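Student: This is the structure I want to talk about, given as structure tokens.
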Amino acid sequence: MKEKLDAIFKAFESYIKGQDYFDIVYSKKYGYVRLVVDSEEMELLDTPEKMLDYLCYDVISEVVYSADNPKKEHDGFELTEYEETESRRRLTAILEKMEGEDGARYLSSIDGYLERYQRSSALDDDE
């Protein structure tokens with residue numbers, strides 16, 4: 001399990017280092033932990049799926065709320081063509097760094113991450 005988590009962390013490492021919103025650190029006692037800056041939010045990333053879910057969600061959110069997004073106001077939870085294309089481009093560039101069977105499987109899951117993002121955003125809007 002740790003090898004898979006290490007591979008994901010390594011693929012996303014430069015993305016994580018460039019963030020000022022969150023960080024992911026490794027603890028010998030607990031494993032990988034996601035910390036949100038200016039918050040008490042902390043999440044144990046104990047499975048590859050959980051780590052990928054958080055990181056892919058973060059990448060997509062970054063695109064949606066980016067100053068480069070032509071649609072500055074987001075009036076719904078459906079991703080625009082730009083948001084979907086740019087999110088797919090960024091995630092592909094990161095996941096292509098991973099070798100082997102896992103990397104190929106994660107790459108083929110990008111559509112699922114985009115769909116889950118939209119579903120989770122729809123749930124957030126309903127709350």
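Identifiers in this document derive from the order of the structure tokens: chains are assigned A, B, ..., residues are numbered from 1 separately in each chain, and ligands are numbered from 1 in order of occurrence.
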Skip A:Met1 itself and residues of its chain fewer than 5 positions away, then list as a PyMOL selection string all residues within 10 Å of it, counting only C-alpha atoms.
Tutor: chain A and resi 6+46-48
Student: Hey, can you spit out that residue selection with N, CA, C and O atoms as a PDB file, in the first residue's frame?
Tutor:
ATOM      1  N   ASP A   6       3.209   6.266  -2.198  1.00  0.00           N
ATOM      2  CA  ASP A   6       4.447   6.981  -2.542  1.00  0.00           C
ATOM      3  C   ASP A   6       4.464   7.371  -4.018  1.00  0.00           C
ATOM      4  O   ASP A   6       4.872   8.482  -4.371  1.00  0.00           O
ATOM      5  N   ASP A  46      -4.972   7.224   3.781  1.00  0.00           N
ATOM      6  CA  ASP A  46      -4.469   5.885   4.047  1.00  0.00           C
ATOM      7  C   ASP A  46      -4.685   4.878   2.927  1.00  0.00           C
ATOM      8  O   ASP A  46      -4.282   3.723   3.046  1.00  0.00           O
ATOM      9  N   THR A  47      -5.326   5.311   1.836  1.00  0.00           N
ATOM     10  CA  THR A  47      -5.475   4.438   0.668  1.00  0.00           C
ATOM     11  C   THR A  47      -5.150   5.246  -0.596  1.00  0.00           C
ATOM     12  O   THR A  47      -5.324   6.475  -0.616  1.00  0.00           O
ATOM     13  N   PRO A  48      -4.685   4.558  -1.636  1.00  0.00           N
ATOM     14  CA  PRO A  48      -4.418   5.269  -2.897  1.00  0.00           C
ATOM     15  C   PRO A  48      -5.671   5.974  -3.431  1.00  0.00           C
ATOM     16  O   PRO A  48      -5.595   7.094  -3.940  1.00  0.00           O
TER      17      PRO A  48
END
Student: Need the shell around A:Leu45: protein/DNA/RNA residues with any atom at most 6 Å away, counting only C-alpha atoms. Skip same-chain ones fewer than 6 positions apart. Format as a list in words?
Tutor: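 Residues meeting the cut-off are Tyr32, Val33 and Met51 of chain A.
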Student: Keeping N, CA, C and O atoms, export the residues of the selection given above as a compact mmCIF listing (two decimals), in the first residue's frame.
Tutor:
# COMPACT_ATOMS: atom_id res chain seq x y z
N TYR A 32 0.56 9.29 5.27
CA TYR A 32 0.32 10.57 4.60
C TYR A 32 -0.89 11.28 5.23
O TYR A 32 -1.93 10.67 5.46
N VAL A 33 -0.70 12.57 5.48
CA VAL A 33 -1.75 13.38 6.09
C VAL A 33 -1.89 14.66 5.27
O VAL A 33 -0.91 15.31 4.93
N MET A 51 -6.24 9.25 -1.51
CA MET A 51 -5.27 10.27 -1.88
C MET A 51 -5.59 10.83 -3.27
O MET A 51 -5.61 12.05 -3.46
Student: Among the residues of chain A, find those DSSP assigns to strand (DSSP E) from the backbone and print them as a list in words.
Tutor: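 Matching residues for strand (DSSP E) in chain A are Phe22, Asp23, Ile24, Val25, Tyr26, Ser27, Gly31, Tyr32, Val33, Arg34, Leu35, Val36, Met42, Glu43 and Leu44 of chain A.
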Student: Can you pull out the residues contacting stretch 19-22 of chain A? Cut-off 8 Å, using only C-alpha atoms, and skip same-chain residues under 3 positions away; I want them as a PDB file with N, CA, C and O atoms, in the first residue's frame.
Tutor:
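And here's selection_34.pdb as it stands now:
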ATOM      1  N   TYR A  15       2.957  19.655  -7.889  1.00  0.00           N
ATOM      2  CA  TYR A  15       1.653  20.307  -7.716  1.00  0.00           C
ATOM      3  C   TYR A  15       1.420  20.642  -6.239  1.00  0.00           C
ATOM      4  O   TYR A  15       1.028  21.753  -5.902  1.00  0.00           O
ATOM      5  N   ILE A  16       1.697  19.681  -5.376  1.00  0.00           N
ATOM      6  CA  ILE A  16       1.498  19.880  -3.936  1.00  0.00           C
ATOM      7  C   ILE A  16       2.398  21.001  -3.419  1.00  0.00           C
ATOM      8  O   ILE A  16       1.957  21.870  -2.669  1.00  0.00           O
ATOM      9  N   ARG A  34      -3.133  14.999   4.942  1.00  0.00           N
ATOM     10  CA  ARG A  34      -3.433  16.233   4.205  1.00  0.00           C
ATOM     11  C   ARG A  34      -3.838  17.287   5.220  1.00  0.00           C
ATOM     12  O   ARG A  34      -4.752  17.072   6.025  1.00  0.00           O
ATOM     13  N   LEU A  35      -3.144  18.419   5.194  1.00  0.00           N
ATOM     14  CA  LEU A  35      -3.407  19.531   6.100  1.00  0.00           C
ATOM     15  C   LEU A  35      -3.907  20.720   5.300  1.00  0.00           C
ATOM     16  O   LEU A  35      -3.317  21.069   4.276  1.00  0.00           O
ATOM     17  N   VAL A  36      -4.957  21.351   5.770  1.00  0.00           N
ATOM     18  CA  VAL A  36      -5.474  22.541   5.115  1.00  0.00           C
ATOM     19  C   VAL A  36      -4.999  23.747   5.911  1.00  0.00           C
ATOM     20  O   VAL A  36      -5.192  23.820   7.127  1.00  0.00           O
ATOM     21  N   VAL A  37      -4.382  24.687   5.224  1.00  0.00           N
ATOM     22  CA  VAL A  37      -3.827  25.883   5.848  1.00  0.00           C
ATOM     23  C   VAL A  37      -4.963  26.735   6.427  1.00  0.00           C
ATOM     24  O   VAL A  37      -6.054  26.795   5.874  1.00  0.00           O
TER      25      VAL A  37
END
Student: Mind checking which residues fall within 12 Å of A:Glu99, counting only C-alpha atoms, ignoring those fewer than 6 positions away in the same chain, and posting them as an MDAnalysis selection string?
Tutor: chainID A and resid 4 7:8 10:11 105:107
Student: Please write the residues from the selection above to a file, keeping all heavy atoms, as a PDB file, in the first residue's frame.
Tutor:
ATOM      1  N   LYS A   4       2.251   2.319  -3.392  1.00  0.00           N
ATOM      2  CA  LYS A   4       1.267   2.980  -4.254  1.00  0.00           C
ATOM      3  C   LYS A   4       1.043   4.430  -3.816  1.00  0.00           C
ATOM      4  O   LYS A   4       0.962   5.330  -4.650  1.00  0.00           O
ATOM      5  CB  LYS A   4      -0.058   2.209  -4.251  1.00  0.00           C
ATOM      6  CG  LYS A   4       0.045   0.882  -4.957  1.00  0.00           C
ATOM      7  CD  LYS A   4      -1.280   0.175  -4.980  1.00  0.00           C
ATOM      8  CE  LYS A   4      -1.112  -1.164  -5.690  1.00  0.00           C
ATOM      9  NZ  LYS A   4      -2.366  -1.695  -6.148  1.00  0.00           N
ATOM     10  N   ALA A   7       4.014   6.469  -4.884  1.00  0.00           N
ATOM     11  CA  ALA A   7       4.000   6.743  -6.324  1.00  0.00           C
ATOM     12  C   ALA A   7       3.041   7.890  -6.662  1.00  0.00           C
ATOM     13  O   ALA A   7       3.355   8.758  -7.482  1.00  0.00           O
ATOM     14  CB  ALA A   7       3.621   5.483  -7.096  1.00  0.00           C
ATOM     15  N   ILE A   8       1.897   7.908  -6.023  1.00  0.00           N
ATOM     16  CA  ILE A   8       0.930   8.989  -6.250  1.00  0.00           C
ATOM     17  C   ILE A   8       1.510  10.300  -5.742  1.00  0.00           C
ATOM     18  O   ILE A   8       1.461  11.326  -6.435  1.00  0.00           O
ATOM     19  CB  ILE A   8      -0.415   8.680  -5.567  1.00  0.00           C
ATOM     20  CG1 ILE A   8      -1.076   7.466  -6.219  1.00  0.00           C
ATOM     21  CG2 ILE A   8      -1.345   9.898  -5.621  1.00  0.00           C
ATOM     22  CD1 ILE A   8      -2.231   6.883  -5.419  1.00  0.00           C
ATOM     23  N   LYS A  10       4.596  11.149  -5.373  1.00  0.00           N
ATOM     24  CA  LYS A  10       5.692  11.568  -6.245  1.00  0.00           C
ATOM     25  C   LYS A  10       5.166  12.205  -7.531  1.00  0.00           C
ATOM     26  O   LYS A  10       5.686  13.219  -7.977  1.00  0.00           O
ATOM     27  CB  LYS A  10       6.594  10.378  -6.572  1.00  0.00           C
ATOM     28  CG  LYS A  10       7.800  10.758  -7.379  1.00  0.00           C
ATOM     29  CD  LYS A  10       8.703   9.579  -7.620  1.00  0.00           C
ATOM     30  CE  LYS A  10       9.886  10.039  -8.467  1.00  0.00           C
ATOM     31  NZ  LYS A  10      10.741   8.936  -8.864  1.00  0.00           N
ATOM     32  N   ALA A  11       4.130  11.628  -8.125  1.00  0.00           N
ATOM     33  CA  ALA A  11       3.550  12.185  -9.356  1.00  0.00           C
ATOM     34  C   ALA A  11       2.981  13.583  -9.114  1.00  0.00           C
ATOM     35  O   ALA A  11       3.107  14.475  -9.950  1.00  0.00           O
ATOM     36  CB  ALA A  11       2.469  11.254  -9.902  1.00  0.00           C
ATOM     37  N   ARG A 105      -4.195   2.746 -15.084  1.00  0.00           N
ATOM     38  CA  ARG A 105      -5.540   2.658 -14.509  1.00  0.00           C
ATOM     39  C   ARG A 105      -6.014   4.019 -14.017  1.00  0.00           C
ATOM     40  O   ARG A 105      -7.159   4.418 -14.228  1.00  0.00           O
ATOM     41  CB  ARG A 105      -5.550   1.653 -13.356  1.00  0.00           C
ATOM     42  CG  ARG A 105      -6.924   1.393 -12.788  1.00  0.00           C
ATOM     43  CD  ARG A 105      -6.957   0.157 -11.906  1.00  0.00           C
ATOM     44  NE  ARG A 105      -5.772  -0.006 -11.102  1.00  0.00           N
ATOM     45  CZ  ARG A 105      -5.677   0.389  -9.825  1.00  0.00           C
ATOM     46  NH1 ARG A 105      -6.680   0.987  -9.237  1.00  0.00           N
ATOM     47  NH2 ARG A 105      -4.561   0.187  -9.144  1.00  0.00           N
ATOM     48  N   TYR A 106      -5.132   4.768 -13.367  1.00  0.00           N
ATOM     49  CA  TYR A 106      -5.508   6.094 -12.871  1.00  0.00           C
ATOM     50  C   TYR A 106      -5.808   7.035 -14.033  1.00  0.00           C
ATOM     51  O   TYR A 106      -6.745   7.833 -13.960  1.00  0.00           O
ATOM     52  CB  TYR A 106      -4.414   6.670 -11.981  1.00  0.00           C
ATOM     53  CG  TYR A 106      -4.122   5.856 -10.742  1.00  0.00           C
ATOM     54  CD1 TYR A 106      -2.835   5.816 -10.219  1.00  0.00           C
ATOM     55  CD2 TYR A 106      -5.106   5.119 -10.094  1.00  0.00           C
ATOM     56  CE1 TYR A 106      -2.549   5.063  -9.075  1.00  0.00           C
ATOM     57  CE2 TYR A 106      -4.828   4.367  -8.959  1.00  0.00           C
ATOM     58  CZ  TYR A 106      -3.549   4.349  -8.451  1.00  0.00           C
ATOM     59  OH  TYR A 106      -3.267   3.612  -7.333  1.00  0.00           O
ATOM     60  N   LEU A 107      -5.018   6.945 -15.096  1.00  0.00           N
ATOM     61  CA  LEU A 107      -5.276   7.781 -16.274  1.00  0.00           C
ATOM     62  C   LEU A 107      -6.651   7.489 -16.860  1.00  0.00           C
ATOM     63  O   LEU A 107      -7.370   8.408 -17.261  1.00  0.00           O
ATOM     64  CB  LEU A 107      -4.217   7.523 -17.353  1.00  0.00           C
ATOM     65  CG  LEU A 107      -3.029   8.448 -17.381  1.00  0.00           C
ATOM     66  CD1 LEU A 107      -1.980   7.949 -18.361  1.00  0.00           C
ATOM     67  CD2 LEU A 107      -3.423   9.864 -17.713  1.00  0.00           C
TER      68      LEU A 107
END
Student: Excluding stretch 87-89 of chain A and any residue of its chain fewer than 2 positions from it, enumerate the residues within 12 Å of it, using only C-alpha atoms, and give them as JSON, numbers by chain.
Tutor: {"A": [55, 56, 57, 58, 59, 60, 61, 62, 63, 64, 65, 66, 69, 79, 80, 81, 82, 83, 84, 85, 91, 92, 93, 94, 95, 96, 107, 108, 109, 110, 111, 112, 113, 114, 115, 117]}
Student: Work out how far apart atom CA of A:Ser27 and atom CA of A:Met42 are and give it in Å to one decimal.
Tutor: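 A separation of 12.8 Å between them.
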Student: As a VMD selection string, please: every residue in chain A that a backbone DSSP assignment puts in alpha helix (DSSP H).
Tutor: chain A and resid 2 to 17 48 to 64 81 to 95 100 to 107 110 to 126
Student: Grab the atom CA of A:Gln118 to atom CA of A:Ala104 distance for me, in Å with one decimal place.
Tutor: 23.0 Å
Student: Find, counting only C-alpha atoms, the residue in A:Leu52, A:Ser120, A:Leu44, A:Glu101 that gets nearest to A:Phe9.
Tutor: A:Leu52
Student: Go through A:Lys2, A:Arg119, A:Gly100, A:Glu49 and flag the residue nearest A:Phe77, using only C-alpha atoms for the distances.
Tutor: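 Closest candidate: A:Arg119.
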Student: Go through A:Glu43, A:Asp102, A:Asp53, A:Glu86 one by one, measure the shortest atom-to-atom distance of each to A:Asp23 using only C-alpha atoms, and give the residue with the smallest value.
Tutor: A:Glu43
Student: Could you check how far atom CA of A:Ile24 sits from atom CA of A:Leu5, in Å to one decimal?
Tutor: 11.5 Å
